[in-house]
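**Q** Contents of data.cif (mmCIF, C-alpha atoms):
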```
data_coords
#
loop_
_atom_site.label_atom_id
_atom_site.label_comp_id
_atom_site.auth_asym_id
_atom_site.auth_seq_id
_atom_site.Cartn_x
_atom_site.Cartn_y
_atom_site.Cartn_z
CA ASP A 1 -165.09 -97.33 126.63
CA ALA A 2 -162.14 -98.63 128.64
CA GLY A 3 -161.75 -95.36 130.47
CA VAL A 4 -158.46 -93.62 131.17
CA ILE A 5 -155.68 -96.19 131.23
CA GLN A 6 -152.50 -95.67 133.23
CA SER A 7 -149.35 -97.72 133.54
CA PRO A 8 -147.60 -98.92 135.51
CA ARG A 9 -150.00 -99.28 138.44
CA HIS A 10 -147.10 -99.58 140.86
CA GLU A 11 -143.49 -98.53 140.50
CA VAL A 12 -140.72 -98.94 143.03
CA THR A 13 -137.40 -97.42 142.12
CA GLU A 14 -134.24 -96.12 143.69
CA MET A 15 -133.31 -92.50 144.08
CA GLY A 16 -131.66 -91.13 140.98
CA GLN A 17 -133.41 -93.43 138.53
CA GLU A 18 -135.60 -92.23 135.71
CA VAL A 19 -139.32 -92.89 136.03
CA THR A 20 -141.80 -92.80 133.16
CA LEU A 21 -145.54 -92.92 133.76
CA ARG A 22 -147.94 -93.47 130.89
CA CYS A 23 -151.50 -92.51 130.16
CA LYS A 24 -154.05 -93.26 127.47
CA PRO A 25 -157.01 -90.86 127.67
CA ILE A 26 -160.57 -91.68 126.72
CA SER A 27 -160.96 -91.64 122.97
CA GLY A 28 -162.30 -88.30 121.80
CA HIS A 29 -161.30 -86.42 124.93
CA ASP A 30 -159.17 -83.47 123.98
CA TYR A 31 -158.09 -82.39 127.47
CA LEU A 32 -155.59 -84.41 129.47
CA PHE A 33 -154.48 -83.68 133.02
CA TRP A 34 -151.73 -85.03 135.26
CA TYR A 35 -152.36 -84.87 139.02
CA ARG A 36 -150.27 -85.92 141.99
CA GLN A 37 -151.78 -87.03 145.29
CA THR A 38 -149.94 -87.07 148.60
CA MET A 39 -151.15 -87.14 152.18
CA MET A 40 -149.57 -83.77 152.88
CA ARG A 41 -150.70 -81.83 149.81
CA GLY A 42 -153.77 -83.69 148.61
CA LEU A 43 -154.51 -83.60 144.88
CA GLU A 44 -152.32 -81.22 142.91
CA LEU A 45 -152.61 -80.39 139.23
CA LEU A 46 -149.19 -80.76 137.62
CA ILE A 47 -149.89 -80.02 133.96
CA TYR A 48 -152.65 -80.21 131.41
CA PHE A 49 -152.83 -80.52 127.63
CA ASN A 50 -155.40 -79.45 125.08
CA ASN A 51 -155.27 -81.15 121.70
CA ASN A 52 -151.82 -82.52 122.58
CA VAL A 53 -150.42 -79.07 123.39
CA PRO A 54 -149.26 -78.27 126.95
CA ILE A 55 -151.37 -75.37 128.18
CA ASP A 56 -150.38 -74.90 131.80
CA ASP A 57 -147.40 -76.54 133.47
CA SER A 58 -147.24 -74.20 136.44
CA GLY A 59 -147.90 -77.09 138.79
CA MET A 60 -144.84 -79.06 137.72
CA PRO A 61 -142.69 -79.02 140.84
CA GLU A 62 -139.30 -78.61 139.21
CA ASP A 63 -137.22 -79.26 136.13
CA ARG A 64 -136.83 -82.91 137.02
CA PHE A 65 -140.43 -83.33 135.90
CA SER A 66 -141.44 -83.29 132.25
CA ALA A 67 -144.57 -84.31 130.36
CA LYS A 68 -145.29 -84.97 126.73
CA MET A 69 -148.29 -85.80 124.61
CA PRO A 70 -147.04 -86.93 121.19
CA ASN A 71 -150.55 -87.82 119.98
CA ALA A 72 -154.17 -87.75 121.06
CA SER A 73 -154.05 -91.19 122.61
CA PHE A 74 -150.86 -91.14 124.63
CA SER A 75 -149.09 -89.04 127.24
CA THR A 76 -146.07 -89.54 129.48
CA LEU A 77 -144.91 -87.99 132.72
CA LYS A 78 -141.21 -88.39 133.32
CA ILE A 79 -139.17 -87.79 136.45
CA GLN A 80 -135.41 -87.67 136.03
CA PRO A 81 -133.69 -88.06 138.42
CA SER A 82 -136.25 -89.31 140.91
CA GLU A 83 -136.09 -88.45 144.61
CA PRO A 84 -137.81 -89.98 147.66
CA ARG A 85 -140.05 -86.90 147.99
CA ASP A 86 -141.52 -87.73 144.58
CA SER A 87 -143.23 -90.76 146.13
CA ALA A 88 -146.95 -90.29 145.54
CA VAL A 89 -149.87 -91.51 143.48
CA TYR A 90 -149.90 -89.93 140.05
CA PHE A 91 -153.26 -89.67 138.32
CA CYS A 92 -154.05 -88.96 134.73
CA ALA A 93 -157.49 -87.59 133.84
CA SER A 94 -159.21 -86.57 130.65
CA SER A 95 -162.28 -84.59 129.67
CA HIS A 96 -164.22 -83.32 126.70
CA PRO A 97 -165.17 -80.74 125.80
CA ARG A 98 -163.68 -77.95 127.87
CA PRO A 99 -164.43 -78.55 131.56
CA GLY A 100 -167.11 -76.19 132.74
CA GLN A 101 -169.03 -75.83 129.51
CA GLY A 102 -172.35 -77.44 128.85
CA THR A 103 -174.45 -79.58 131.08
CA THR A 104 -174.10 -83.02 129.56
CA GLY A 105 -172.33 -85.93 131.14
CA ALA A 106 -169.49 -85.52 128.67
CA ASN A 107 -168.21 -82.45 130.48
CA VAL A 108 -166.77 -84.31 133.41
CA LEU A 109 -163.27 -85.03 134.58
CA THR A 110 -162.57 -88.77 134.43
CA PHE A 111 -159.59 -90.22 136.26
CA GLY A 112 -157.43 -93.21 135.57
CA ALA A 113 -156.65 -95.74 138.28
CA GLY A 114 -153.40 -94.01 139.18
CA SER A 115 -149.75 -94.98 139.31
CA ARG A 116 -148.33 -95.45 142.79
CA LEU A 117 -144.67 -94.41 142.79
CA THR A 118 -142.26 -95.26 145.58
CA VAL A 119 -138.75 -93.86 145.40
CA LEU A 120 -136.37 -95.47 147.88
CA GLY B 121 -156.86 -69.62 143.47
CA ILE B 122 -160.28 -70.55 144.70
CA GLN B 123 -160.52 -72.07 148.18
CA VAL B 124 -162.49 -75.27 148.66
CA GLU B 125 -163.37 -76.45 152.15
CA GLN B 126 -165.00 -79.74 152.97
CA SER B 127 -166.61 -80.84 156.20
CA PRO B 128 -166.49 -82.89 158.22
CA PRO B 129 -162.94 -84.14 157.65
CA ASP B 130 -163.78 -87.53 159.13
CA LEU B 131 -167.05 -89.36 159.57
CA ILE B 132 -167.84 -92.74 161.10
CA LEU B 133 -171.25 -94.23 160.47
CA GLN B 134 -173.07 -97.38 161.32
CA GLU B 135 -174.36 -99.23 158.28
CA GLY B 136 -177.83 -97.97 157.41
CA ALA B 137 -177.31 -94.45 158.70
CA ASN B 138 -177.68 -91.29 156.62
CA SER B 139 -175.10 -88.54 156.25
CA THR B 140 -174.53 -85.13 154.71
CA LEU B 141 -171.17 -83.94 153.44
CA ARG B 142 -170.57 -80.28 152.75
CA CYS B 143 -168.37 -78.38 150.30
CA ASN B 144 -167.89 -74.62 150.56
CA PHE B 145 -166.08 -72.63 147.91
CA SER B 146 -164.80 -69.10 147.99
CA ASP B 147 -165.83 -67.78 144.58
CA SER B 148 -168.32 -68.38 141.80
CA VAL B 149 -167.64 -71.53 139.80
CA ASN B 150 -168.52 -72.90 136.39
CA ASN B 151 -168.45 -76.53 137.37
CA LEU B 152 -168.52 -78.68 140.46
CA GLN B 153 -167.97 -82.41 140.74
CA TRP B 154 -168.16 -84.89 143.58
CA PHE B 155 -165.76 -87.82 143.54
CA HIS B 156 -165.48 -90.94 145.63
CA GLN B 157 -162.02 -92.36 146.18
CA ASN B 158 -162.50 -95.98 147.15
CA PRO B 159 -160.16 -97.89 149.46
CA TRP B 160 -158.20 -99.06 146.39
CA GLY B 161 -157.44 -95.45 145.50
CA GLN B 162 -159.62 -95.14 142.43
CA LEU B 163 -161.35 -91.79 141.92
CA ILE B 164 -164.91 -92.28 140.72
CA ASN B 165 -167.03 -89.42 139.46
CA LEU B 166 -170.31 -89.26 141.37
CA PHE B 167 -171.94 -86.06 140.20
CA TYR B 168 -171.36 -83.20 137.84
CA ILE B 169 -173.46 -80.55 139.52
CA PRO B 170 -172.65 -76.85 139.00
CA SER B 171 -176.14 -76.03 140.29
CA GLY B 172 -179.40 -77.66 141.27
CA THR B 173 -180.07 -81.15 142.57
CA LYS B 174 -179.31 -84.59 141.19
CA GLN B 175 -179.96 -88.07 142.48
CA ASN B 176 -178.37 -91.39 141.73
CA GLY B 177 -179.72 -94.24 143.80
CA ARG B 178 -178.91 -93.70 147.47
CA LEU B 179 -176.78 -90.66 146.68
CA SER B 180 -177.95 -87.19 145.88
CA ALA B 181 -176.26 -83.82 145.61
CA THR B 182 -177.37 -80.22 145.76
CA THR B 183 -175.38 -77.18 144.76
CA VAL B 184 -176.50 -73.67 145.66
CA ALA B 185 -174.17 -71.69 143.46
CA THR B 186 -175.34 -68.28 144.70
CA GLU B 187 -174.40 -69.25 148.26
CA ARG B 188 -171.24 -71.09 147.21
CA TYR B 189 -171.82 -74.49 148.69
CA SER B 190 -172.71 -78.02 147.71
CA LEU B 191 -174.05 -80.93 149.73
CA LEU B 192 -173.71 -84.64 149.15
CA TYR B 193 -176.30 -86.85 150.78
CA ILE B 194 -175.74 -90.52 151.43
CA SER B 195 -178.78 -92.45 152.58
CA SER B 196 -178.87 -95.96 154.04
CA SER B 197 -175.09 -96.11 154.00
CA GLN B 198 -173.30 -99.36 153.17
CA THR B 199 -169.78 -100.51 153.91
CA THR B 200 -168.98 -100.07 150.22
CA ASP B 201 -169.56 -96.33 150.66
CA SER B 202 -166.38 -96.11 152.72
CA GLY B 203 -163.57 -94.05 151.31
CA VAL B 204 -162.81 -90.40 150.77
CA TYR B 205 -165.26 -88.01 149.15
CA PHE B 206 -163.81 -85.07 147.26
CA CYS B 207 -165.44 -81.96 145.99
CA ALA B 208 -163.75 -80.29 143.00
CA VAL B 209 -164.63 -76.94 141.51
CA TYR B 210 -163.70 -75.38 138.21
CA GLN B 211 -163.58 -71.67 137.73
CA GLN B 212 -161.60 -70.86 134.64
CA PHE B 213 -158.48 -71.78 132.70
CA ASN B 214 -159.32 -75.44 133.02
CA LYS B 215 -158.11 -75.68 136.60
CA PHE B 216 -160.05 -77.87 138.95
CA TYR B 217 -159.50 -77.07 142.62
CA PHE B 218 -159.97 -79.96 145.01
CA GLY B 219 -161.05 -79.88 148.63
CA SER B 220 -159.14 -81.90 151.20
CA GLY B 221 -161.89 -84.52 151.31
CA THR B 222 -164.17 -86.19 153.83
CA LYS B 223 -163.00 -89.60 154.97
CA LEU B 224 -166.01 -91.85 155.54
CA ASN B 225 -165.89 -95.14 157.40
CA VAL B 226 -169.10 -97.17 157.39
CA LYS B 227 -169.07 -99.92 159.98
CA PRO B 228 -171.10 -103.11 159.58
#
```
Transcribe the structure of this file into structure tokens.

**A**
Amino acid sequence: DAGVIQSPRHEVTEMGQEVTLRCKPISGHDYLFWYRQTMMRGLELLIYFNNNVPIDDSGMPEDRFSAKMPNASFSTLKIQPSEPRDSAVYFCASSHPRPGQGTTGANVLTFGAGSRLTVL
Amino acid sequence: GIQVEQSPPDLILQEGANSTLRCNFSDSVNNLQWFHQNPWGQLINLFYIPSGTKQNGRLSATTVATERYSLLYISSSQTTDSGVYFCAVYQQFNKFYFGSGTKLNVKP
């Protein structure tokens, strides 16, 4: 399996521009998570999906952030308009089945390589 | 939410030395994972260990769920072990809570 695939790996943009980050989860994983990592706040859960449906978006910082999962193999995180304080590494992760159940190796959270966003 | 504390925050080792990293959590958990974030930023799953002990090569982990802590052991450390080690716990509602990490620097 190719693992969780994210694109772009690096994005540099100017304040006010729209940013779209993309994620392809591991095939068969029905949970998808978006995390943000900064030096100040560490790893923060932004939103997660189950079977393509957003379950908890309480971590989304504000209305400028939106996430979609149109099908089981693709998700996007969009920031519009972007601001310098959005600069961070954004990680996508997937898991199956529900995290916390069972004892097999399938019940683990697997991360993509991350998208490093710099907003000037 | 659940509080996750990792110690030490920073650790410098000479290659070949052993180390123990600790993760304390404030409530009972259903799942616990250890991750290694390498110098390129990639988060690699090391162990899924809600309880008991597991070993993988030079690394091993022990979780004592009743006492709410987990330990990660690194033996005969190598420079490739450098990076940040995160503990993440899952309680309910599919939310993983991450510790602030232990930054390890293994010197040749």

**Q** To verify the selection step, state as an MDAnalysis selection string which residues the PyMOL selection byres ((chain A and resi 37-54) around 9) yields on this input.

**A** (chainID A and resid 29:36 55:61 67:75 87:91 98) or (chainID B and resid 214:221)

**Q** Let me see the file: selected residues, C-alpha atoms, as a compact mmCIF listing (two decimals), in the frame of the given file.

**A**
```
# COMPACT_ATOMS: atom_id res chain seq x y z
CA HIS A 29 -161.30 -86.42 124.93
CA ASP A 30 -159.17 -83.47 123.98
CA TYR A 31 -158.09 -82.39 127.47
CA LEU A 32 -155.59 -84.41 129.47
CA PHE A 33 -154.48 -83.68 133.02
CA TRP A 34 -151.73 -85.03 135.26
CA TYR A 35 -152.36 -84.87 139.02
CA ARG A 36 -150.27 -85.92 141.99
CA ILE A 55 -151.37 -75.37 128.18
CA ASP A 56 -150.38 -74.90 131.80
CA ASP A 57 -147.40 -76.54 133.47
CA SER A 58 -147.24 -74.20 136.44
CA GLY A 59 -147.90 -77.09 138.79
CA MET A 60 -144.84 -79.06 137.72
CA PRO A 61 -142.69 -79.02 140.84
CA ALA A 67 -144.57 -84.31 130.36
CA LYS A 68 -145.29 -84.97 126.73
CA MET A 69 -148.29 -85.80 124.61
CA PRO A 70 -147.04 -86.93 121.19
CA ASN A 71 -150.55 -87.82 119.98
CA ALA A 72 -154.17 -87.75 121.06
CA SER A 73 -154.05 -91.19 122.61
CA PHE A 74 -150.86 -91.14 124.63
CA SER A 75 -149.09 -89.04 127.24
CA SER A 87 -143.23 -90.76 146.13
CA ALA A 88 -146.95 -90.29 145.54
CA VAL A 89 -149.87 -91.51 143.48
CA TYR A 90 -149.90 -89.93 140.05
CA PHE A 91 -153.26 -89.67 138.32
CA ARG A 98 -163.68 -77.95 127.87
CA ASN B 214 -159.32 -75.44 133.02
CA LYS B 215 -158.11 -75.68 136.60
CA PHE B 216 -160.05 -77.87 138.95
CA TYR B 217 -159.50 -77.07 142.62
CA PHE B 218 -159.97 -79.96 145.01
CA GLY B 219 -161.05 -79.88 148.63
CA SER B 220 -159.14 -81.90 151.20
CA GLY B 221 -161.89 -84.52 151.31
```

**Q** Residues proximal to (-181.2, -95.6, 148.9) were defined as those with any atom within 9 Å of that point in the file's coordinates, counting only C-alpha atoms. Which are they, as a list in words?

**A**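 The residues near that point, listed by chain and number, are Asn176, Gly177, Arg178, Leu179, Ile194, Ser195, Ser196 and Ser197 of chain B.
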
**Q** Around the point (-138.8, -89.4, 136.1) (coordinates from the file), which residues reach within 10 Å if we count all atoms listed in the file? Answer as a list in words.

**A** Gly16, Gln17, Glu18, Val19, Thr20, Leu21, Arg64, Phe65, Ser66, Ala67, Thr76, Leu77, Lys78, Ile79, Gln80, Pro81, Ser82, Glu83 and Asp86 of chain A

**Q** Please list as a PyMOL selection string every residue within 9 Å of stretch 111-117 of chain A, counting only C-alpha atoms and excluding residues in the same chain fewer than 6 positions away.

**A** (chain A and resi 3-13+19+21-25+33+86-94) or (chain B and resi 160-165)

**Q** Got a sec to resolve the PyMOL selection byres ((chain B and resi 223) around 6) on this structure and send the residues as a short mmCIF file (atom, residue, chain, number, x, y, z; two decimals) with C-alpha atoms, in the coordinates of the input?

**A**
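Contents of the output file selection.cif:
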```cif
data_model
loop_
_atom_site.label_atom_id
_atom_site.label_comp_id
_atom_site.auth_asym_id
_atom_site.auth_seq_id
_atom_site.Cartn_x
_atom_site.Cartn_y
_atom_site.Cartn_z
CA ASP B 130 -163.78 -87.53 159.13
CA GLY B 203 -163.57 -94.05 151.31
CA VAL B 204 -162.81 -90.40 150.77
CA THR B 222 -164.17 -86.19 153.83
CA LEU B 224 -166.01 -91.85 155.54
#
```

**Q** What separation in Å, quoted to one decimal, exists between atom CA of B:Ser202 and atom CA of B:Leu133?

**A**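 For atom CA of B:Ser202 relative to atom CA of B:Leu133, the distance reads 9.3 Å.
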
**Q** Neighbours of B:Glu187 within 12 Å (only C-alpha atoms; same-chain residues fewer than 5 positions away dropped), as a short mmCIF file (atom, residue, chain, number, x, y, z; two decimals) with C-alpha atoms, in the frame of the given file?

**A**
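As written to disk, result32.cif reads:
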```cif
data_model
loop_
_atom_site.label_atom_id
_atom_site.label_comp_id
_atom_site.auth_asym_id
_atom_site.auth_seq_id
_atom_site.Cartn_x
_atom_site.Cartn_y
_atom_site.Cartn_z
CA CYS B 143 -168.37 -78.38 150.30
CA ASN B 144 -167.89 -74.62 150.56
CA PHE B 145 -166.08 -72.63 147.91
CA SER B 146 -164.80 -69.10 147.99
CA ASP B 147 -165.83 -67.78 144.58
CA SER B 148 -168.32 -68.38 141.80
CA VAL B 149 -167.64 -71.53 139.80
CA SER B 171 -176.14 -76.03 140.29
CA THR B 182 -177.37 -80.22 145.76
#
```

**Q** Check the smallest atom-to-atom distance from each of B:Lys174, B:Asn151, B:Leu192, B:Gly121 to B:Tyr205 using all atoms listed in the file, then report the winner.

**A**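 Counting all atoms listed in the file, the residue closest to B:Tyr205 is B:Leu192.
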
**Q** What is the distance between atom CA of B:Phe206 and atom CA of A:Ala2, in Å to one decimal?

**A**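 Computing it gives 23.1 Å between the two atoms.
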
**Q** Of the candidates B:Glu135, B:Pro159, B:Ser180, B:Tyr189, which one gets nearest to chain A if we count all atoms listed in the file?

**A**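 Counting all atoms listed in the file, the residue closest to chain A is B:Pro159.
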
**Q** Record the distance separating atom CA of B:Asn225 and atom CA of B:Ser127, expressed in Å with one decimal.

**A**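 We find that atom CA of B:Asn225 and atom CA of B:Ser127 lie 14.4 Å from each other.
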
**Q** Counting only C-alpha atoms, which of B:Gln134, B:Thr140, B:Thr173, B:Gln211 gets nearest to chain A?

**A**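 The closest residue to chain A is B:Gln211.
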
**Q** Counting only C-alpha atoms, which of B:Gln126, B:Ser139, B:Gln175, B:Gln153 gets nearest to chain A?

**A**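 Going through B:Gln126, B:Ser139, B:Gln175, B:Gln153 one by one, the smallest distance to chain A is for B:Gln153.
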